[in-house]
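Heads up: the structure comes next, in structure tokens.
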Number of protein chains: 4
Amino acid sequence: MSELETRNTDTGSCEETSCFDTCNASVGPRGTMELLSQEEVSRLNGAQDGELYELFRRCALAVLNCDDSIDEASVIFDRYPHFNIEIRQRARGVKLVLSNAPGCAFVDGQILDGVRDHLFAVLRDIVFVSSEYYEQAIRRQQTTDPEDERAVSNLVFNILRNAGLLLPRVLPSLVVCWGGHSINRDEYQYCKDVGYQLGLRGHDICTGCGPGAMKGPMKGATIGHAKQRNMRGRYIGLTEPAIVAAESPNPIVNSLVIMPDIEKRLEAFVRLGHGIIVFPGGVGTLEEILFLLGTLMDEANAEICLPVVFTASASSRAYFDAVDQFLVSTLGEQVRRYYEIIVDDPVTVARVMREGMARVGANRRESRDAYYYNWSLRIPAEMKRTFDVSHESMAGLDLNREQAVAQLAVNLRRAFSGIVAGNVKEPAMKLIRAHGPFRLQGEPEILRAMDGLLRSFVTEGRMKLGGKPYNPCYELVS
Amino acid sequence: MSELETRNTDTGSCEETSCFDTCNASVGPRGTMELLSQEEVSRLNGAQDGELYELFRRCALAVLNCDDSIDEASVIFDRYPHFNIEIRQRARGVKLVLSNAPGCAFVDGQILDGVRDHLFAVLRDIVFVSSEYYEQAIRRQQTTDPEDERAVSNLVFNILRNAGLLLPRVLPSLVVCWGGHSINRDEYQYCKDVGYQLGLRGHDICTGCGPGAMKGPMKGATIGHAKQRNMRGRYIGLTEPAIVAAESPNPIVNSLVIMPDIEKRLEAFVRLGHGIIVFPGGVGTLEEILFLLGTLMDEANAEICLPVVFTASASSRAYFDAVDQFLVSTLGEQVRRYYEIIVDDPVTVARVMREGMARVGANRRESRDAYYYNWSLRIPAEMKRTFDVSHESMAGLDLNREQAVAQLAVNLRRAFSGIVAGNVKEPAMKLIRAHGPFRLQGEPEILRAMDGLLRSFVTEGRMKLGGKPYNPCYELVS
Amino acid sequence: MSELETRNTDTGSCEETSCFDTCNASVGPRGTMELLSQEEVSRLNGAQDGELYELFRRCALAVLNCDDSIDEASVIFDRYPHFNIEIRQRARGVKLVLSNAPGCAFVDGQILDGVRDHLFAVLRDIVFVSSEYYEQAIRRQQTTDPEDERAVSNLVFNILRNAGLLLPRVLPSLVVCWGGHSINRDEYQYCKDVGYQLGLRGHDICTGCGPGAMKGPMKGATIGHAKQRNMRGRYIGLTEPAIVAAESPNPIVNSLVIMPDIEKRLEAFVRLGHGIIVFPGGVGTLEEILFLLGTLMDEANAEICLPVVFTASASSRAYFDAVDQFLVSTLGEQVRRYYEIIVDDPVTVARVMREGMARVGANRRESRDAYYYNWSLRIPAEMKRTFDVSHESMAGLDLNREQAVAQLAVNLRRAFSGIVAGNVKEPAMKLIRAHGPFRLQGEPEILRAMDGLLRSFVTEGRMKLGGKPYNPCYELVS
Amino acid sequence: MSELETRNTDTGSCEETSCFDTCNASVGPRGTMELLSQEEVSRLNGAQDGELYELFRRCALAVLNCDDSIDEASVIFDRYPHFNIEIRQRARGVKLVLSNAPGCAFVDGQILDGVRDHLFAVLRDIVFVSSEYYEQAIRRQQTTDPEDERAVSNLVFNILRNAGLLLPRVLPSLVVCWGGHSINRDEYQYCKDVGYQLGLRGHDICTGCGPGAMKGPMKGATIGHAKQRNMRGRYIGLTEPAIVAAESPNPIVNSLVIMPDIEKRLEAFVRLGHGIIVFPGGVGTLEEILFLLGTLMDEANAEICLPVVFTASASSRAYFDAVDQFLVSTLGEQVRRYYEIIVDDPVTVARVMREGMARVGANRRESRDAYYYNWSLRIPAEMKRTFDVSHESMAGLDLNREQAVAQLAVNLRRAFSGIVAGNVKEPAMKLIRAHGPFRLQGEPEILRAMDGLLRSFVTEGRMKLGGKPYNPCYELVS
């Protein structure tokens, strides 16, 4: 192999490097993954396909806006109306040409390498999910033909493989951490303490890649990894187009993947993770919990080993009491078999994970399943199917216990998913603005349980960032 | 990232390790590329799709038969009738389970790592070209709709990218070497000498990955690279299913790619190479030369920079005199603008390449084309279209100068391609056995020129390995 | 090269892993540097040489006590009276066998890799300075024979080279940061902010490796490096046996060197650093400043380029006003040519360093001096000679302006050095306890200036950690 | 860490690049080991110390003369009388400035990287053995005080450690290959075949680094390593100043060490090697065999495990019959316990080594000895002491069986050592030219055995390269 050219041929200029300033720059990738064909370049640059380009532009803007803590996507988009991005073919590969980009992503006119990586991760994933291959697979997925269902069972795998996320021959070590973006200082410190203990023990971290409980464990783990001189710590962030702007990936994330929608993102979490820790959070966290438990309770998963811990600091111990109660009253007593609650003890949480990983490893070897992807886990078809949030679909959810527990879990998951969308995802927020809150109907006991939980979320400020009073996007109609 | 498991969990047993012995073994990959989805595993293992599995089995057998110099595929297949290969999913990724495999690929019951890599390269490429994506693309390619033509223009790129062959940010250094598998000792030594001088100057080598002129330059280059302590030398072998068994990849090849057919293989050569050296060879070499010159002479390529050298040792100087004469008498005097003939001077050949590379680099930067893939080169549509060799298609070739030079080049390329197929590719050999030699028709001058050249190939033993008298698979009918 | 054995064959057991617990463990090195000869092993293990072993034991204990913030060495030594360390030869190299070691260095019975590295750094440096080579060189250094002086001029270089600290072919990037271990929260945050800006710009950091201003810039830089995905950031800590226990190396330090005494430590700082930033500090910081300025003012150094910045947050701006005034009133107005004062502006500090580095690089190339070691800098002989602190030597210092400025700088440096020793180094503290404070004599103006400065240090709490009232170890006698 | 500068800043010019041409060039190192202090630079450059500089110049010339097969040092030195080398300090470290250097070390004006490494290895080792440390150690070694003997027991270790040759945590894999520089084509091919089988099994190779049996096994191993994609194969060459010019290091050697004299070189071989293979050779090979067997027969080494194989192709089987007979008739029947003779079977030789290594590993773990250096082996003091070859010392050797076998082995070793010196080492050759052949005296049986062996060496052309008739440098006087 001949000599490499010296790496950095980026060019750029900024007026000032604080936020609100903007920069123009031409930016190349660091790695080798971003080799695009001419067809791929023209697909994204193509003026004809305004929608795809706009998706790309918005995600790019979101990752460039790296230091900001605004969580309303529209504010960000309004602040940089002239932001533009273009892909150009050069001798050494593609370059991204940015105009009027947020200044906070730059140091002395040079883009931060962490942001550079996020930018090319966005490019990679959008190219992938805009490919003909993906479109077909997704079209088949919307049918209910079981053969089609099998045919698309590899979709999430393919996205993750394409992102270079799957490492063979690495023993189980990945802890998925869920929890709220909007948590208090004490809860944040607790997340960091748990992450620190995980990092000391060599665990990698995967989160939804936003702030709060999605950032704390990563931050703690970096310190643990540093003390162990572990340079290869992985901080995986799984996001989705509808969420990335509201929860701009935190800069620690060194493997960013844009999953196409919430269902595939949830599938990715549970197939990648070798253990799952849940911190206090809001409706999004409940959606995650319901997806996970609804899946684990499926009898096809009787042999699956996946350690799940709910944990909070002493001052937030009430949170999981409430969640536990809600789960028992909706899904029944047996749901408790699938998680363990640990209060105020980061070392024990980390040790439970470490021991769980050993069991996961043995389990995978026995079942001949891959360390890096939990093929054996059966995710119910209805959990995987995209749920289109609308007033109709929300009103149509059947929330009562006169159905199989698995089906109730599916419907509850969708209910919380719809509330998340109404809170932070543009399309659903638009519907709410036009037609008022979603209406959820069902058995009074279920609705009461939901109502109690949701009210406590509002009281404790778990519903939204920004400090504004929360205006509910739903009504419970018994 | 957690600890790696210790690498080698292969198991195996052999009776003896010389050839003709057979081994059973379970073999894992070394790298990270061979992550297969369940759907991919079942596609290849699937009993239902006998044809695909048989293709995989044959290619695998060919690369396992690594020390053999037999060049008749059927002999190899007959020698290991009970050879079997199966893909299995394991905790650390896929494993290949081999039964009754050629013993020469093993040392004390362990597979050679070089052969292991070749085996997984075969797996990777067959998975890729058996994918739905590929099948569709290829179906569209067979139409003559120009939009389809553009749509499939990225096919070769996609195969090479998927094989990890494209390295951005590396300055031009790749020399493609063409020439015969069946060359004499003096010619082989000359190929090595040229390769040595190329290696001393940091060039990587790409060939058709068989013996003779496909091995010599690589062998020489390894010594040059070693003296320069260059551990990253690339020895790229581009082969195709129909050829791999007859020309089993030489063990130096450290990047093996199975292209689906000869046309894509030729396209890969000219888009990857930053310079091309042709050594004496037979009909296959002529096919390559005609593909190259027919392409370079296309006026759309007026600005393309691609150094081409024909070179031979002093004792074989007559060879290129004959080729030169044939080219001039068929394609006209202007063809000489595209190549340089150098006799018996490895240092000069290497210097011409080195200087050419610098010009290629400048040319790519100016034209904003990638170093690692020559997008700008326009390959005529008819050169790219698959030529189905049959008695009819061969008889239908129009070999006279009453047409555009470009078109004549296309037809001559096809004529030589058909003769190669009749010589070494199973399907065409079968046709010949059933229906006698192909008949080629055309202008007497052209046929005379071809006849002279072909006769000299026979006389000089360039037509086939193995020492048997050559029985022509064609007749020239003027 | 044959296979590596799997790395971790350490064994260990702890009762509990919080502080005050103790662990027993057998610990191997991570790198390749710690290859000891039998003679070296027996030299350190040797019961006969009680002093050397005790030195090793104390330094080892200090680095093991990694989470502690006690800054009185004797307290630490008293807490772990049964701590023991022994070197053993094993098939894979030496191992350190620890008994009753501080539990805070361990996670689940395994030593932290960062502490492991520090432990082997201690071993490496003590082996080196206990070698016959070093002893001779040091003996010759104590003479005043100029040839001997030249002969030992390479001592500091040899220690640093042996520690693997000198990297050729790396462009100037190393910023030395000086300042107090005992600084307020605001000052600490400012150190971190400056470090962050330096890290964003790719600078490596070198400090005295204790807490406060020695930790803040490193901590900030780690975040800057992480955002730039810079995995090779260097955090160099230079300490000395007399100081290591009081200022246990902070865990970020990834290159620890134990220099034999303060003079060699100061020499190492100014020959390694490509730029120097001084934050507010106490007497130790003044000693450093006087060493630096006394050296730079030497006319032999007229051509030397070394950017020096004094910087503090807005709330501490008075600090450098006072230092500046003291310097001008003792060394004269021209001293200001050698430093720049920047208040409350981390970005400007970092930019000044970045631009300075470019000039340093050009300067080294012109003067044919090494990037990695400033050979050209002439350090006055008396600055380099070990100053044995005692009541006599302190009383004998000539502190008046009736001498060359260079000589006054030497004497002032020694005066502050003596006060540092009286404050925190065991041997001098013992002298103080036995004979009362050191007495410093000199010109009233000088003493007045010193007095003002020292009083302000006391008032501002810069004299010692721990919050106890400061009991001065000196008297000024005009 | 800041950016690296682009590596190659060498400058150079040559007239022509074939041999006999000369080049001027300024050459920097590739690695990080060659950091010299000012004192070291001036020591080697110093005009005052003509002898040291001349040693450096001669060794440098020898390694530059890399393609030559002349084995008479004086011829090489005469051919490049104006060759000059100088060390210069530069910003990025030292550079070697070469004038009138042999052109064969250059490609297009750039030095070969392999030769560059050899050149800096020479520099490193000559700096080391010219250091004060080394001189003292050596002075003490010449006394017979047992404490001194212990004190210097680490000398060889220190040289090898300084050369970066000792790798901890690597399992035993190093095979030392001995044998003649002057062997026939068949013997050379056999050495290659053995090396190939060793390489396939992951063994590293260590030889005296000249041609013939010192090159063949390395060449074979490179092919074996390449087929196993083993990029980290080690090819260690141990030479000495007196021999380097006559046996210029072959270019495969990637770890070159210049040991100060033959005794330390022999010690290095037997302490580094995990197994030893002897191919046919001449007097040098006999010297090696006697050193090895005299050591292994020492009863202090009863527990040492070190597999030794004598091996030759079928056509040379008589060679080891003769050696075996000589050994038995001088050292007694029990000598056979220490070696195994294998004829014409490379696979078995390699398997014996592989199995031996496993035993060596177990042996080292049990005895707590290092894998990378056989400390436990006791080498008799008289084997280690430098033997100054002269007419007196040779005449004084006691060659009869009326002494302990160990002592006879020492004296026989010295006798052969003296003959090697008389054949190829300049100082001894000078003595021979001045005073005629050395005279060896002793018991007739011993002399007869020696005479038979030596005559056969002459007959078989094993005494010298170059094809000139051999003129014995010794007389046997019974």
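So you can find residues: chains in the structure tokens are A, B, ... in the order shown, residues in each start at 1, and ligands are numbered from 1 in order.
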For chain D, which residues have at least one atom within 10 Å of chain B, if we go by only C-alpha atoms? Write them as a ChimeraX atom specification, please. /D:17,106-108,110-117,197,200-201,222-232,250-254,347,351
So that I can see what lies close to segment 361-371 of chain A, please list as a PyMOL selection string the residues with an atom at most 10 Å from it, counting only C-alpha atoms and leaving out residues fewer than 3 positions away in the same chain. (chain A and resi 166-173+271-274+303-306+356-358+374-377) or (chain B and resi 35+88-94)
Output the selection as an mmCIF file, in the first residue's frame - N, CA and C atoms for each residue.
```
data_model
loop_
_atom_site.group_PDB
_atom_site.id
_atom_site.type_symbol
_atom_site.label_atom_id
_atom_site.label_comp_id
_atom_site.auth_asym_id
_atom_site.auth_seq_id
_atom_site.Cartn_x
_atom_site.Cartn_y
_atom_site.Cartn_z
ATOM 1 N N LEU A 166 -21.387 -4.303 14.818
ATOM 2 C CA LEU A 166 -21.371 -5.685 15.295
ATOM 3 C C LEU A 166 -19.952 -6.228 15.294
ATOM 4 N N LEU A 167 -19.428 -6.538 16.482
ATOM 5 C CA LEU A 167 -18.068 -7.041 16.582
ATOM 6 C C LEU A 167 -18.082 -8.507 16.994
ATOM 7 N N PRO A 168 -17.657 -9.381 16.100
ATOM 8 C CA PRO A 168 -17.618 -10.785 16.492
ATOM 9 C C PRO A 168 -16.463 -11.020 17.459
ATOM 10 N N ARG A 169 -16.517 -12.112 18.158
ATOM 11 C CA ARG A 169 -15.442 -12.556 19.047
ATOM 12 C C ARG A 169 -15.223 -11.661 20.264
ATOM 13 N N VAL A 170 -16.136 -10.739 20.529
ATOM 14 C CA VAL A 170 -16.036 -9.945 21.757
ATOM 15 C C VAL A 170 -17.041 -10.529 22.748
ATOM 16 N N LEU A 171 -16.562 -10.839 23.938
ATOM 17 C CA LEU A 171 -17.453 -11.406 24.948
ATOM 18 C C LEU A 171 -18.511 -10.387 25.353
ATOM 19 N N PRO A 172 -19.684 -10.850 25.812
ATOM 20 C CA PRO A 172 -20.760 -9.944 26.200
ATOM 21 C C PRO A 172 -20.278 -8.876 27.189
ATOM 22 N N SER A 173 -20.556 -7.609 26.871
ATOM 23 C CA SER A 173 -20.119 -6.519 27.742
ATOM 24 C C SER A 173 -21.012 -5.289 27.630
ATOM 25 N N ARG A 271 -31.701 -6.402 21.029
ATOM 26 C CA ARG A 271 -30.904 -7.444 20.382
ATOM 27 C C ARG A 271 -29.400 -7.200 20.596
ATOM 28 N N LEU A 272 -29.030 -5.944 20.768
ATOM 29 C CA LEU A 272 -27.615 -5.623 20.984
ATOM 30 C C LEU A 272 -27.193 -5.805 22.439
ATOM 31 N N GLY A 273 -28.086 -5.369 23.369
ATOM 32 C CA GLY A 273 -27.686 -5.298 24.779
ATOM 33 C C GLY A 273 -27.490 -6.667 25.391
ATOM 34 N N HIS A 274 -26.464 -6.778 26.253
ATOM 35 C CA HIS A 274 -26.275 -8.015 27.017
ATOM 36 C C HIS A 274 -26.842 -7.864 28.424
ATOM 37 N N GLU A 303 -36.211 -19.378 27.362
ATOM 38 C CA GLU A 303 -34.807 -19.744 27.590
ATOM 39 C C GLU A 303 -33.843 -18.563 27.484
ATOM 40 N N ILE A 304 -34.375 -17.414 27.138
ATOM 41 C CA ILE A 304 -33.507 -16.239 26.939
ATOM 42 C C ILE A 304 -32.973 -15.735 28.277
ATOM 43 N N CYS A 305 -31.692 -15.366 28.300
ATOM 44 C CA CYS A 305 -31.090 -14.798 29.499
ATOM 45 C C CYS A 305 -30.755 -13.337 29.234
ATOM 46 N N LEU A 306 -31.372 -12.423 29.966
ATOM 47 C CA LEU A 306 -31.101 -10.998 29.768
ATOM 48 C C LEU A 306 -31.311 -10.268 31.095
ATOM 49 N N GLY A 356 -24.277 -11.166 35.350
ATOM 50 C CA GLY A 356 -25.268 -11.464 34.322
ATOM 51 C C GLY A 356 -24.613 -11.721 32.974
ATOM 52 N N MET A 357 -23.608 -10.925 32.646
ATOM 53 C CA MET A 357 -22.916 -11.079 31.352
ATOM 54 C C MET A 357 -22.323 -12.480 31.197
ATOM 55 N N ALA A 358 -21.763 -12.980 32.278
ATOM 56 C CA ALA A 358 -21.178 -14.325 32.211
ATOM 57 C C ALA A 358 -22.265 -15.329 31.867
ATOM 58 N N ASN A 374 -28.699 -10.807 19.357
ATOM 59 C CA ASN A 374 -29.544 -11.824 19.966
ATOM 60 C C ASN A 374 -30.639 -12.298 18.999
ATOM 61 N N TRP A 375 -30.201 -13.195 18.072
ATOM 62 C CA TRP A 375 -31.156 -13.713 17.093
ATOM 63 C C TRP A 375 -32.293 -14.490 17.760
ATOM 64 N N SER A 376 -31.983 -15.198 18.837
ATOM 65 C CA SER A 376 -32.950 -16.122 19.446
ATOM 66 C C SER A 376 -34.163 -15.416 20.029
ATOM 67 N N LEU A 377 -33.979 -14.173 20.420
ATOM 68 C CA LEU A 377 -35.077 -13.447 21.040
ATOM 69 C C LEU A 377 -36.225 -13.287 20.038
ATOM 70 N N LEU B 35 -20.008 -11.163 8.893
ATOM 71 C CA LEU B 35 -21.176 -11.225 9.749
ATOM 72 C C LEU B 35 -22.377 -11.507 8.857
ATOM 73 N N ARG B 88 -22.363 -22.567 9.755
ATOM 74 C CA ARG B 88 -23.068 -22.684 11.029
ATOM 75 C C ARG B 88 -22.923 -21.405 11.839
ATOM 76 N N GLN B 89 -24.007 -21.050 12.492
ATOM 77 C CA GLN B 89 -24.015 -19.869 13.355
ATOM 78 C C GLN B 89 -23.461 -20.265 14.725
ATOM 79 N N ARG B 90 -22.504 -19.477 15.236
ATOM 80 C CA ARG B 90 -21.968 -19.732 16.560
ATOM 81 C C ARG B 90 -21.926 -18.430 17.360
ATOM 82 N N ALA B 91 -21.648 -18.536 18.654
ATOM 83 C CA ALA B 91 -21.635 -17.344 19.505
ATOM 84 C C ALA B 91 -20.695 -16.271 18.961
ATOM 85 N N ARG B 92 -19.605 -16.685 18.390
ATOM 86 C CA ARG B 92 -18.645 -15.703 17.923
ATOM 87 C C ARG B 92 -18.759 -15.448 16.429
ATOM 88 N N GLY B 93 -19.842 -15.807 15.807
ATOM 89 C CA GLY B 93 -20.037 -15.558 14.385
ATOM 90 C C GLY B 93 -20.158 -16.864 13.631
ATOM 91 N N VAL B 94 -20.155 -16.766 12.294
ATOM 92 C CA VAL B 94 -20.325 -17.989 11.520
ATOM 93 C C VAL B 94 -19.049 -18.826 11.512
#
```
Can you list, as an MDAnalysis selection string, every residue of segment 176-320 of chain D that DSSP puts in alpha helix (DSSP H)? chainID D and resid 185:200 216:227 241:244 262:272 283:296 317:320
Report as an mmCIF file with N, CA and C atoms, in the first residue's frame all protein, DNA and RNA residues lying within 6 Å of segment 423-432 of chain B, evaluated on only C-alpha atoms, omitting residues in the same chain fewer than 4 positions from it.
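Result went into part31.cif, see below:
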```
data_model
loop_
_atom_site.group_PDB
_atom_site.id
_atom_site.type_symbol
_atom_site.label_atom_id
_atom_site.label_comp_id
_atom_site.auth_asym_id
_atom_site.auth_seq_id
_atom_site.Cartn_x
_atom_site.Cartn_y
_atom_site.Cartn_z
ATOM 1 N N ALA B 242 -16.123 -19.111 -12.914
ATOM 2 C CA ALA B 242 -15.800 -20.032 -13.995
ATOM 3 C C ALA B 242 -14.305 -20.279 -14.108
ATOM 4 N N GLY B 436 -18.589 -29.466 -31.588
ATOM 5 C CA GLY B 436 -17.383 -29.107 -32.331
ATOM 6 C C GLY B 436 -16.983 -27.673 -32.137
ATOM 7 N N PRO B 437 -15.879 -27.268 -32.759
ATOM 8 C CA PRO B 437 -15.319 -25.932 -32.527
ATOM 9 C C PRO B 437 -16.260 -24.788 -32.945
#
```
Just the residues within 10 Å of Leu155 of chain C, please, counting only C-alpha atoms, with nothing from its chain fewer than 6 positions along; format it as a ChimeraX atom specification. /C:129,133-134,137-138,141,161,264 /D:37
Per DSSP on the backbone, filter segment 179-360 of chain B down to the residues in strand (DSSP E or B) and report them as an MDAnalysis selection string. chainID B and resid 204:207 235:239 255:258 275:278 308:312 340:343
Which polymer residues have any atom within 12 Å of an atom of Thr22 of chain B, counting only C-alpha atoms, with same-chain residues fewer than 3 positions away left out, as a short mmCIF file (atom, residue, chain, number, x, y, z; two decimals) with N, CA, C and O atoms, in the first residue's frame?
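Here's the written file part.cif:
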```cif
data_model
loop_
_atom_site.label_atom_id
_atom_site.label_comp_id
_atom_site.auth_asym_id
_atom_site.auth_seq_id
_atom_site.Cartn_x
_atom_site.Cartn_y
_atom_site.Cartn_z
N GLY B 12 -10.19 -29.55 14.17
CA GLY B 12 -9.95 -30.22 12.91
C GLY B 12 -9.18 -31.50 13.09
O GLY B 12 -8.57 -31.74 14.12
N SER B 13 -9.24 -32.35 12.07
CA SER B 13 -8.47 -33.57 12.10
C SER B 13 -8.11 -33.98 10.68
O SER B 13 -8.91 -33.84 9.77
N CYS B 14 -6.86 -34.38 10.49
CA CYS B 14 -6.43 -34.85 9.18
C CYS B 14 -5.72 -36.17 9.37
O CYS B 14 -5.17 -36.44 10.43
N GLU B 15 -5.70 -36.97 8.32
CA GLU B 15 -4.94 -38.21 8.40
C GLU B 15 -3.47 -37.92 8.14
O GLU B 15 -2.59 -38.26 8.89
N GLU B 16 -3.23 -37.24 7.08
CA GLU B 16 -1.88 -36.87 6.65
C GLU B 16 -1.99 -35.48 6.05
O GLU B 16 -3.06 -35.09 5.60
N THR B 17 -0.91 -34.73 6.00
CA THR B 17 -1.08 -33.37 5.48
C THR B 17 -0.55 -33.17 4.07
O THR B 17 -0.48 -32.04 3.61
N SER B 18 -0.18 -34.22 3.37
CA SER B 18 0.22 -34.02 1.98
C SER B 18 -1.05 -34.01 1.12
O SER B 18 -2.14 -34.28 1.59
N CYS B 19 -0.88 -33.68 -0.16
CA CYS B 19 -2.06 -33.63 -1.02
C CYS B 19 -2.66 -35.02 -1.19
O CYS B 19 -2.03 -36.02 -0.94
N ALA B 25 -12.75 -30.11 9.27
CA ALA B 25 -12.40 -29.00 10.16
C ALA B 25 -13.57 -28.05 10.29
O ALA B 25 -14.43 -27.96 9.41
N LEU B 61 -13.89 -25.36 -2.82
CA LEU B 61 -12.96 -26.45 -3.10
C LEU B 61 -11.75 -25.93 -3.87
O LEU B 61 -10.61 -26.31 -3.60
N LEU B 64 -9.37 -24.17 -1.55
CA LEU B 64 -8.74 -25.12 -0.62
C LEU B 64 -7.64 -25.92 -1.30
O LEU B 64 -6.69 -26.37 -0.67
N ASN B 65 -7.78 -26.09 -2.60
CA ASN B 65 -6.84 -26.89 -3.36
C ASN B 65 -5.61 -26.05 -3.68
O ASN B 65 -5.18 -25.92 -4.81
N ARG B 79 -11.47 -35.35 -7.85
CA ARG B 79 -10.57 -35.89 -6.85
C ARG B 79 -11.16 -35.81 -5.44
O ARG B 79 -10.82 -36.61 -4.58
N TYR B 80 -12.02 -34.83 -5.22
CA TYR B 80 -12.59 -34.67 -3.88
C TYR B 80 -14.12 -34.74 -3.95
O TYR B 80 -14.81 -33.78 -3.65
N PRO B 81 -14.64 -35.89 -4.39
CA PRO B 81 -16.09 -35.98 -4.62
C PRO B 81 -16.90 -35.84 -3.33
O PRO B 81 -18.06 -35.45 -3.37
N HIS B 82 -16.30 -36.17 -2.20
CA HIS B 82 -17.06 -36.14 -0.95
C HIS B 82 -16.86 -34.85 -0.18
O HIS B 82 -17.27 -34.73 0.97
N PHE B 83 -16.17 -33.90 -0.81
CA PHE B 83 -15.97 -32.62 -0.14
C PHE B 83 -17.32 -31.95 0.13
O PHE B 83 -18.19 -31.90 -0.73
N ASN B 84 -17.47 -31.44 1.32
CA ASN B 84 -18.72 -30.81 1.70
C ASN B 84 -18.41 -29.59 2.57
O ASN B 84 -17.44 -29.57 3.30
N LEU B 98 -16.07 -28.01 7.28
CA LEU B 98 -15.56 -28.68 6.07
C LEU B 98 -15.44 -30.18 6.30
O LEU B 98 -14.95 -30.60 7.35
N SER B 99 -15.85 -30.96 5.32
CA SER B 99 -15.59 -32.39 5.40
C SER B 99 -14.86 -32.82 4.14
O SER B 99 -15.19 -32.38 3.05
N ASN B 100 -13.92 -33.72 4.33
CA ASN B 100 -13.16 -34.29 3.20
C ASN B 100 -12.54 -33.21 2.32
O ASN B 100 -12.58 -33.28 1.10
N ALA B 101 -11.96 -32.22 2.96
CA ALA B 101 -11.33 -31.13 2.23
C ALA B 101 -9.89 -31.50 1.88
O ALA B 101 -9.28 -32.32 2.56
N PRO B 102 -9.33 -30.88 0.83
CA PRO B 102 -7.95 -31.20 0.43
C PRO B 102 -6.98 -30.97 1.59
O PRO B 102 -6.97 -29.90 2.19
N GLY B 103 -6.14 -31.96 1.86
CA GLY B 103 -5.21 -31.88 2.98
C GLY B 103 -4.15 -30.80 2.83
O GLY B 103 -3.59 -30.34 3.83
N CYS B 104 -3.88 -30.37 1.59
CA CYS B 104 -2.78 -29.42 1.39
C CYS B 104 -3.10 -28.05 1.97
O CYS B 104 -2.22 -27.21 2.08
N ALA B 105 -4.34 -27.80 2.38
CA ALA B 105 -4.69 -26.50 2.97
C ALA B 105 -4.45 -26.47 4.47
O ALA B 105 -4.72 -25.47 5.11
N PHE B 106 -3.90 -27.56 5.01
CA PHE B 106 -3.79 -27.68 6.46
C PHE B 106 -2.36 -27.94 6.92
O PHE B 106 -1.58 -28.58 6.22
N VAL B 107 -2.04 -27.45 8.08
CA VAL B 107 -0.77 -27.76 8.74
C VAL B 107 -1.10 -28.35 10.10
O VAL B 107 -1.73 -27.68 10.93
N GLY B 109 -3.32 -30.24 11.02
CA GLY B 109 -4.76 -30.22 11.31
C GLY B 109 -5.38 -28.84 11.38
O GLY B 109 -6.60 -28.71 11.54
N ILE B 111 -6.12 -25.17 9.52
CA ILE B 111 -6.13 -24.58 8.18
C ILE B 111 -5.13 -23.42 8.10
O ILE B 111 -4.89 -22.72 9.08
#
```
Determine, counting only C-alpha atoms, which protein, DNA and RNA residues have an atom within 9 Å of an atom of Val156 of chain C; residues of the same chain fewer than 2 positions away are not included. Present the result as JSON, numbers by chain. {"C": [152, 153, 154, 158, 159, 160, 161, 259, 264, 265, 267, 268]}
